[in-house]
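See structure below.
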Amino acid sequence: MDFDKKGNPICLYIRSNGHEPGPVSAPYEWCITHWNGKEWRTHLITESDHNYDMGSLYISNNEWNIVAPTATGPQNWGVGGEVEIWSSTDKGISWRKKRTVTSESRFNHSYIRRPLHFKAPFCFFWSDGDAHHFSKSQLYFGDFKGNVWQLPYEMKNDFEKPIQIN
């Protein structure tokens with residue numbers, strides 16, 4: 001959730017045909033609902049393949065962005081996927097994919113979070129993991145240019161340098 005410049009709420013969510021994950025409840029539609037001061041307006045952004053996918057909303061004066069695992073990942077019908085950035089320049093009415101952030105990943109990426117008072121390069125952060133089996137999970141952060149950094153899996157010192165992976 002975020003607010004427009006007038007303080008009106010904007011909500012990002014996924015709607016589906018049921019509570020069960022997988023194809024039985026598809027489609028999983030990413031939607032934005034915005035109170036414009038007079039009425040609630042809902043617009044479709046894109047679709048993904050799981051009801052627990054999670055992304056973050058970024059509102060600025062001229063552009064609205066969503067960073068989310070909206071592309072199918074290696075564990076099809078599992079939570080998460082490949083991370084993409086979606087953009088709207090007409091206050092959420094229409095959307096276009098602006099950038100692919102991850103691709104050809106070993107595991108699905110999910111739970112993309114927006115840090116408070118974010119600034120590049122730490123604009124969003126998330127983790128990955130096998131959506132169907134127990135696995136290790138890596139932590140990542142990135143910026144709106146599509147740069148991604150991975151944190152070391154084991155921290156041996158108080159401060160460790162992240163590894164840029166693209």
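The chains in the structure tokens are called A, B, ... from first to last as shown; in each chain the residues are counted from 1, and the ligands are counted from 1 in the order shown.
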> Which residues come within 8 Å of range 91-97 of chain A, counting only C-alpha atoms, excluding same-chain residues fewer than 5 positions away, as a list of chain:residue names?
Replying inline: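 Listing them by chain and then by number gives A:Ile32, A:His43, A:Leu44, A:Ile45, A:Glu63, A:Trp64, A:Glu84, A:Ile85, A:Trp86.
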Residue subset to file, keeping N, CA and C atoms, as an mmCIF file, in the first residue's frame:
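Below you can see out-v6.cif, which holds the result:
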data_model
loop_
_atom_site.group_PDB
_atom_site.id
_atom_site.type_symbol
_atom_site.label_atom_id
_atom_site.label_comp_id
_atom_site.auth_asym_id
_atom_site.auth_seq_id
_atom_site.Cartn_x
_atom_site.Cartn_y
_atom_site.Cartn_z
ATOM 1 N N ILE A 32 -4.321 -3.165 -8.967
ATOM 2 C CA ILE A 32 -4.113 -1.942 -8.205
ATOM 3 C C ILE A 32 -5.495 -1.333 -8.007
ATOM 4 N N HIS A 43 -7.537 -1.556 -11.558
ATOM 5 C CA HIS A 43 -6.940 -1.842 -12.863
ATOM 6 C C HIS A 43 -6.042 -3.073 -12.747
ATOM 7 N N LEU A 44 -6.042 -3.870 -13.803
ATOM 8 C CA LEU A 44 -5.212 -5.068 -13.888
ATOM 9 C C LEU A 44 -3.808 -4.689 -14.360
ATOM 10 N N ILE A 45 -2.795 -5.264 -13.711
ATOM 11 C CA ILE A 45 -1.401 -5.020 -14.082
ATOM 12 C C ILE A 45 -0.885 -6.165 -14.943
ATOM 13 N N GLU A 63 5.401 8.652 -12.071
ATOM 14 C CA GLU A 63 5.459 7.237 -12.415
ATOM 15 C C GLU A 63 5.134 6.384 -11.193
ATOM 16 N N TRP A 64 4.352 5.343 -11.430
ATOM 17 C CA TRP A 64 4.093 4.324 -10.424
ATOM 18 C C TRP A 64 4.831 3.071 -10.865
ATOM 19 N N GLU A 84 10.350 -8.810 -11.945
ATOM 20 C CA GLU A 84 10.182 -7.826 -13.010
ATOM 21 C C GLU A 84 9.741 -6.492 -12.405
ATOM 22 N N ILE A 85 10.000 -5.429 -13.154
ATOM 23 C CA ILE A 85 9.530 -4.096 -12.769
ATOM 24 C C ILE A 85 8.460 -3.683 -13.768
ATOM 25 N N TRP A 86 7.299 -3.299 -13.253
ATOM 26 C CA TRP A 86 6.174 -2.823 -14.053
ATOM 27 C C TRP A 86 5.987 -1.338 -13.790
#
> Can you tell me, as a ChimeraX atom specification, what residues are no more than 7 Å from Trp126 in chain A when counting only C-alpha atoms, ignoring any on the same chain fewer than 3 positions away?
Replying inline: /A:110-113,139-141
>> For Leu116 in chain A, find every residue with an atom within 12 Å (counting only C-alpha atoms), except residues of its own chain fewer than 5 positions away, and show them as JSON, numbers by chain.
In response: {"A": [2, 56, 58, 122, 123, 124, 125]}
Selection export as a compact mmCIF listing (two decimals), in the first residue's frame, atoms kept: N, CA and C atoms:
# COMPACT_ATOMS: atom_id res chain seq x y z
N ASP A 2 0.40 2.27 -0.69
CA ASP A 2 1.09 3.56 -0.72
C ASP A 2 0.02 4.63 -0.90
N SER A 56 6.18 -5.15 -4.26
CA SER A 56 6.05 -3.84 -3.60
C SER A 56 5.71 -2.76 -4.61
N TYR A 58 5.65 1.40 -5.61
CA TYR A 58 6.44 2.63 -5.47
C TYR A 58 5.70 3.74 -6.22
N PHE A 122 19.90 0.32 -2.76
CA PHE A 122 19.04 -0.51 -1.89
C PHE A 122 17.59 -0.06 -2.02
N CYS A 123 16.99 -0.33 -3.21
CA CYS A 123 15.61 0.10 -3.49
C CYS A 123 14.59 -0.98 -3.14
N PHE A 124 14.98 -2.23 -3.23
CA PHE A 124 14.11 -3.35 -2.86
C PHE A 124 14.98 -4.52 -2.47
N PHE A 125 14.44 -5.42 -1.65
CA PHE A 125 15.19 -6.60 -1.23
C PHE A 125 14.25 -7.80 -1.16
>> For a test of reading the model, state the distance in Å between CA of Asn8 in chain A and CA of Pro27 in chain A, rounded to one decimal.
In response: 28.3 Å
> Pick from A:Ser137, A:His132, A:Lys119, A:Asp143: nearest to Arg99 in chain A, with only C-alpha atoms counted?
Replying inline: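 Residue with the minimum atom-to-atom distance to Arg99 in chain A: A:Asp143.
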>> Set the distance at 7 Å and use only C-alpha atoms: which residues neighbour Gly78 in chain A once local chain neighbours fewer than 2 positions away are removed? I'd like the list as a ChimeraX atom specification.
In response: /A:50,75-76,80,131-132
Can you write out the residues you just picked, keeping C-alpha atoms, as a PDB file, in the first residue's frame?
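So again16.pdb came out as:
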ATOM      1  CA  HIS A  50       0.728 -18.294  -7.341  1.00  0.00           C
ATOM      2  CA  GLN A  75       9.444 -23.951  -9.832  1.00  0.00           C
ATOM      3  CA  ASN A  76       6.243 -23.518 -11.864  1.00  0.00           C
ATOM      4  CA  GLY A  80       7.596 -16.548  -6.450  1.00  0.00           C
ATOM      5  CA  ALA A 131       9.218 -23.360  -3.912  1.00  0.00           C
ATOM      6  CA  HIS A 132       8.513 -27.110  -3.775  1.00  0.00           C
TER       7      HIS A 132
END
>> Residues near Glu39 in chain A, anyone? I mean within 12 Å using only C-alpha atoms, not counting same-chain ones fewer than 4 positions away, as a PyMOL selection string.
In response: chain A and resi 8-10+33-35
Using the selection just defined, write its residues with C-alpha atoms as a PDB file, in the first residue's frame.
ATOM      1  CA  ASN A   8      -5.311   8.929  -1.314  1.00  0.00           C
ATOM      2  CA  PRO A   9      -4.621   5.212  -0.722  1.00  0.00           C
ATOM      3  CA  ILE A  10      -3.366   2.885  -3.458  1.00  0.00           C
ATOM      4  CA  THR A  33      -7.055  -0.231  -6.502  1.00  0.00           C
ATOM      5  CA  HIS A  34      -6.838   3.536  -6.053  1.00  0.00           C
ATOM      6  CA  TRP A  35      -9.164   5.944  -4.248  1.00  0.00           C
TER       7      TRP A  35
END
> How far is it from CA of Trp77 in chain A to CA of Pro115 in chain A, in Å with one decimal?
Replying inline: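 The value is 27.5 Å.
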>> as a ChimeraX atom specification, please: every residue in chain A that a backbone DSSP assignment puts in strand (DSSP E or B).
In response: /A:2-3,9-15,28-35,40-48,56-59,64-71,81-88,96-100,108-113,119,122,124-129,139-142,148-150,163-164
Using C-alpha atoms, can you export the residues from the last selection as a JSON list (two decimals), in the first residue's frame?
[["chain", "number", "residue", "atom", "x", "y", "z"],
["A", 2, "ASP", "CA", 1.09, 3.56, -0.72],
["A", 3, "PHE", "CA", -0.48, 6.99, -1.17],
["A", 9, "PRO", "CA", -4.62, 5.21, -0.72],
["A", 10, "ILE", "CA", -3.37, 2.89, -3.46],
["A", 11, "CYS", "CA", -3.46, -0.86, -2.81],
["A", 12, "LEU", "CA", -1.55, -3.60, -4.62],
["A", 13, "TYR", "CA", -2.93, -7.14, -4.34],
["A", 14, "ILE", "CA", -3.51, -10.46, -6.11],
["A", 15, "ARG", "CA", -6.99, -11.79, -6.81],
["A", 28, "TYR", "CA", -3.65, -14.90, -10.31],
["A", 29, "GLU", "CA", -4.23, -11.29, -11.28],
["A", 30, "TRP", "CA", -2.05, -8.47, -9.94],
["A", 31, "CYS", "CA", -4.36, -5.50, -9.39],
["A", 32, "ILE", "CA", -4.11, -1.94, -8.20],
["A", 33, "THR", "CA", -7.05, -0.23, -6.50],
["A", 34, "HIS", "CA", -6.84, 3.54, -6.05],
["A", 35, "TRP", "CA", -9.16, 5.94, -4.25],
["A", 40, "TRP", "CA", -12.36, 3.45, -6.05],
["A", 41, "ARG", "CA", -10.79, 2.49, -9.38],
["A", 42, "THR", "CA", -9.30, -0.96, -10.02],
["A", 43, "HIS", "CA", -6.94, -1.84, -12.86],
["A", 44, "LEU", "CA", -5.21, -5.07, -13.89],
["A", 45, "ILE", "CA", -1.40, -5.02, -14.08],
["A", 46, "THR", "CA", -0.41, -8.57, -15.06],
["A", 47, "GLU", "CA", -0.76, -12.19, -13.96],
["A", 48, "SER", "CA", 1.50, -14.65, -12.15],
["A", 56, "SER", "CA", 6.05, -3.84, -3.60],
["A", 57, "LEU", "CA", 4.51, -0.62, -4.88],
["A", 58, "TYR", "CA", 6.44, 2.63, -5.47],
["A", 59, "ILE", "CA", 4.54, 5.87, -6.11],
["A", 64, "TRP", "CA", 4.09, 4.32, -10.42],
["A", 65, "ASN", "CA", 6.25, 1.18, -10.25],
["A", 66, "ILE", "CA", 5.76, -2.35, -9.00],
["A", 67, "VAL", "CA", 8.65, -4.74, -8.32],
["A", 68, "ALA", "CA", 7.36, -8.29, -8.14],
["A", 69, "PRO", "CA", 7.95, -11.95, -9.12],
["A", 70, "THR", "CA", 5.47, -11.81, -12.00],
["A", 71, "ALA", "CA", 7.35, -14.01, -14.50],
["A", 81, "GLY", "CA", 9.23, -16.55, -9.84],
["A", 82, "GLU", "CA", 11.44, -14.18, -11.79],
["A", 83, "VAL", "CA", 11.46, -10.53, -10.67],
["A", 84, "GLU", "CA", 10.18, -7.83, -13.01],
["A", 85, "ILE", "CA", 9.53, -4.10, -12.77],
["A", 86, "TRP", "CA", 6.17, -2.82, -14.05],
["A", 87, "SER", "CA", 5.51, 0.86, -14.72],
["A", 88, "SER", "CA", 2.50, 3.15, -15.16],
["A", 96, "ARG", "CA", 3.97, -2.01, -19.14],
["A", 97, "LYS", "CA", 6.85, -4.25, -18.19],
["A", 98, "LYS", "CA", 9.76, -1.87, -17.79],
["A", 99, "ARG", "CA", 12.54, -4.28, -16.93],
["A", 100, "THR", "CA", 13.38, -7.90, -16.18],
["A", 108, "ASN", "CA", 12.10, -18.80, -7.40],
["A", 109, "HIS", "CA", 12.44, -15.27, -6.03],
["A", 110, "SER", "CA", 9.73, -13.81, -3.81],
["A", 111, "TYR", "CA", 8.59, -11.50, -1.03],
["A", 112, "ILE", "CA", 10.03, -8.35, -2.60],
["A", 113, "ARG", "CA", 10.05, -5.63, 0.06],
["A", 119, "LYS", "CA", 17.71, 4.95, -2.17],
["A", 122, "PHE", "CA", 19.04, -0.51, -1.89],
["A", 124, "PHE", "CA", 14.11, -3.35, -2.86],
["A", 125, "PHE", "CA", 15.19, -6.60, -1.23],
["A", 126, "TRP", "CA", 14.02, -10.21, -1.32],
["A", 127, "SER", "CA", 15.00, -13.86, -0.98],
["A", 128, "ASP", "CA", 14.92, -16.96, -3.13],
["A", 129, "GLY", "CA", 14.39, -20.66, -2.52],
["A", 139, "LEU", "CA", 19.16, -12.66, 0.16],
["A", 140, "TYR", "CA", 19.28, -10.03, -2.60],
["A", 141, "PHE", "CA", 18.79, -6.32, -3.11],
["A", 142, "GLY", "CA", 18.50, -4.22, -6.22],
["A", 148, "VAL", "CA", 21.16, -6.94, -8.38],
["A", 149, "TRP", "CA", 23.45, -7.81, -5.47],
["A", 150, "GLN", "CA", 23.54, -11.03, -3.48],
["A", 163, "ILE", "CA", 28.36, -9.59, -4.78],
["A", 164, "GLN", "CA", 26.91, -7.89, -7.85]]
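The two atoms in question, CA of Asn61 in chain A and CA of Lys5 in chain A, are spaced 6.8 Å apart.
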> So which one's closest to Ile165 in chain A, A:Asp4, A:His117, A:Thr102, A:Tyr153? Using only C-alpha atoms, please.
Replying inline: A:Thr102
